[in-house]
Amino acid sequence: MGKPLYQAIYEELKQKIESGVYSEHTALPAERALCQHYHVSRSTIRAALEELSRNGYILKSHGNGNFVKPLLFEQRLTSFHSFAGSLRAQHVMIENEILSYDLIEPGNYLMVLSQAAPKESLSPRWHKLVRLRSTHEFPLMIETSYLPANRFPMIDMEILKKGSLYSYLERYYKMRITDATESLTATLPSTKERTYLQVSAHHPCILFERLCYENGVLIAVHRTVVRGDKFKFVSSFHHDHVSEETEGF
């Protein structure tokens, strides 16, 4: 009572989106169908849809309809970051499933990466740990971690099923990361990645490759394939002077 009609329709559609009646990426009923269902004019329906769009619940595609936006998690890139830590800050708990573990010799991938650390004598054996990281509702990423066995002789899989890899290494091996580099690349998932991430062959993903160093020695490599529809990456800059690169931008 006392509420505009479009607002009541907006709140009902919003509740259906939040409860999963209209799931992510699916189209809402056409405007004509909504008009018939609610017995209102098209202008009233359009006002409700505009409110849904303004508040981030739907994407309006001209000529194609209105689609439910996926839930996005914010990941800040301004400092050394942890996906699990960022999600916990957003009140989202992440679950770990260990897909595989092997003790391997360094192949071409690790040999090339190790060239960035000239002080290091490359470990003859590396732990290769592959984990699926998910929320309660859906998978988020597949993380492949490489750890040198000469720095970390043993890895306890049972602990890593429930906890953080970094926390484990800091606690049991006194690991202290002094430097890290990270690259982001757009990618499409492999057949195996599609299965675990529950996405299609053309679903956009982002490949994170992180190299972690301890006093100039490469001590961890992470190759993480992240679902591109689940994260918004945010970076901020402090502009205190105009550099040659930005001048005239």
# chains A, B, ... in the order shown; residues from 1 in each chain; ligands from 1
>>> residues_around(residues="Ile58 in chain A", least_positions_apart="4", cutoff="8 Å", atoms="only C-alpha atoms", output="PyMOL selection string")
chain A and resi 49+52-53+66-69
>>> write_last_selection(atoms="N, CA and C atoms", output="mmCIF file, in the first residue's frame")
data_model
loop_
_atom_site.group_PDB
_atom_site.id
_atom_site.type_symbol
_atom_site.label_atom_id
_atom_site.label_comp_id
_atom_site.auth_asym_id
_atom_site.auth_seq_id
_atom_site.Cartn_x
_atom_site.Cartn_y
_atom_site.Cartn_z
ATOM 1 N N LEU A 49 11.857 -3.016 -14.910
ATOM 2 C CA LEU A 49 13.078 -3.570 -15.510
ATOM 3 C C LEU A 49 14.227 -2.577 -15.433
ATOM 4 N N LEU A 52 15.675 -2.841 -12.040
ATOM 5 C CA LEU A 52 16.499 -4.044 -11.919
ATOM 6 C C LEU A 52 17.865 -3.828 -12.571
ATOM 7 N N SER A 53 17.865 -3.169 -13.716
ATOM 8 C CA SER A 53 19.126 -2.891 -14.410
ATOM 9 C C SER A 53 19.985 -1.925 -13.615
ATOM 10 N N ASN A 66 16.182 -9.293 -21.686
ATOM 11 C CA ASN A 66 16.793 -8.921 -20.408
ATOM 12 C C ASN A 66 17.311 -10.187 -19.726
ATOM 13 N N PHE A 67 18.577 -10.163 -19.339
ATOM 14 C CA PHE A 67 19.236 -11.356 -18.820
ATOM 15 C C PHE A 67 19.719 -11.136 -17.388
ATOM 16 N N VAL A 68 19.600 -12.188 -16.577
ATOM 17 C CA VAL A 68 20.021 -12.104 -15.182
ATOM 18 C C VAL A 68 21.551 -12.036 -15.124
ATOM 19 N N LYS A 69 22.064 -11.028 -14.433
ATOM 20 C CA LYS A 69 23.509 -10.881 -14.303
ATOM 21 C C LYS A 69 24.063 -11.919 -13.333
#
>>> residues_around(residues="range 179-196 of chain A", least_positions_apart="2", cutoff="8 Å", atoms="only C-alpha atoms", output="count of residues only")
25
>>> select_by_dssp(residues="range 6-243 of chain A", states="strand (DSSP E)", output="VMD selection string")
chain A and resid 58 to 61 65 to 68 73 to 76 95 to 104 126 to 134 139 to 148 179 to 187 205 to 214 217 to 227 231 to 234
>>> residues_around(residues="range 15-27 of chain A", least_positions_apart="4", cutoff="12 Å", atoms="only C-alpha atoms", output="ChimeraX atom specification")
/A:8-11,31,52,56-61,64-72,137-138,203,229-230
>>> atom_distance(atom1="CA of Leu218 in chain A", atom2="CA of Arg131 in chain A")
20.7 Å
>>> closest_residue(among="A:Leu34, A:Arg133, A:Lys14, A:Trp126", to="Tyr109 in chain A", atoms="only C-alpha atoms")
A:Trp126
>>> atom_distance(atom1="CA of Leu103 in chain A", atom2="CA of Pro153 in chain A")
10.4 Å
>>> atom_distance(atom1="CA of Glu95 in chain A", atom2="CA of Asn55 in chain A")
28.9 Å
>>> closest_residue(among="A:Ile155, A:Ile45, A:Val112, A:Met141", to="Val226 in chain A", atoms="only C-alpha atoms")
A:Met141
>>> residues_around(residues="range 164-170 of chain A", least_positions_apart="6", cutoff="9 Å", atoms="only C-alpha atoms", output="list in words")
Ala84, Phe152, Ile155, Asp156 and Arg176 of chain A
>>> write_last_selection(atoms="all heavy atoms", output="mmCIF file, in the first residue's frame")
data_model
loop_
_atom_site.group_PDB
_atom_site.id
_atom_site.type_symbol
_atom_site.label_atom_id
_atom_site.label_comp_id
_atom_site.auth_asym_id
_atom_site.auth_seq_id
_atom_site.Cartn_x
_atom_site.Cartn_y
_atom_site.Cartn_z
ATOM 1 N N ALA A 84 41.014 -16.576 -1.609
ATOM 2 C CA ALA A 84 40.242 -17.037 -0.446
ATOM 3 C C ALA A 84 40.072 -15.916 0.567
ATOM 4 O O ALA A 84 38.988 -15.735 1.126
ATOM 5 C CB ALA A 84 40.929 -18.237 0.186
ATOM 6 N N PHE A 152 60.284 -27.339 0.598
ATOM 7 C CA PHE A 152 59.138 -27.893 1.319
ATOM 8 C C PHE A 152 59.154 -29.413 1.136
ATOM 9 O O PHE A 152 58.533 -29.938 0.195
ATOM 10 C CB PHE A 152 57.829 -27.309 0.782
ATOM 11 C CG PHE A 152 57.823 -25.807 0.664
ATOM 12 C CD1 PHE A 152 57.866 -25.193 -0.583
ATOM 13 C CD2 PHE A 152 57.795 -25.008 1.800
ATOM 14 C CE1 PHE A 152 57.855 -23.810 -0.696
ATOM 15 C CE2 PHE A 152 57.792 -23.622 1.699
ATOM 16 C CZ PHE A 152 57.826 -23.013 0.448
ATOM 17 N N ILE A 155 54.214 -32.209 1.974
ATOM 18 C CA ILE A 155 52.989 -31.419 1.938
ATOM 19 C C ILE A 155 51.855 -32.274 2.486
ATOM 20 O O ILE A 155 51.623 -33.393 2.004
ATOM 21 C CB ILE A 155 52.643 -30.964 0.499
ATOM 22 C CG1 ILE A 155 53.788 -30.154 -0.108
ATOM 23 C CG2 ILE A 155 51.350 -30.146 0.504
ATOM 24 C CD1 ILE A 155 54.049 -28.839 0.561
ATOM 25 N N ASP A 156 51.154 -31.769 3.491
ATOM 26 C CA ASP A 156 50.065 -32.506 4.131
ATOM 27 C C ASP A 156 48.749 -32.224 3.399
ATOM 28 O O ASP A 156 48.176 -31.139 3.517
ATOM 29 C CB ASP A 156 49.953 -32.097 5.602
ATOM 30 C CG ASP A 156 49.036 -33.024 6.390
ATOM 31 O OD1 ASP A 156 47.994 -33.437 5.846
ATOM 32 O OD2 ASP A 156 49.367 -33.327 7.551
ATOM 33 N N ARG A 176 58.400 -17.035 3.973
ATOM 34 C CA ARG A 176 58.183 -15.585 3.946
ATOM 35 C C ARG A 176 58.396 -15.089 2.523
ATOM 36 O O ARG A 176 59.533 -15.028 2.046
ATOM 37 C CB ARG A 176 59.133 -14.870 4.906
ATOM 38 C CG ARG A 176 58.928 -13.363 4.947
ATOM 39 C CD ARG A 176 59.808 -12.705 5.991
ATOM 40 N NE ARG A 176 59.690 -11.267 5.943
ATOM 41 C CZ ARG A 176 60.466 -10.473 5.200
ATOM 42 N NH1 ARG A 176 61.434 -11.009 4.455
ATOM 43 N NH2 ARG A 176 60.289 -9.169 5.184
#
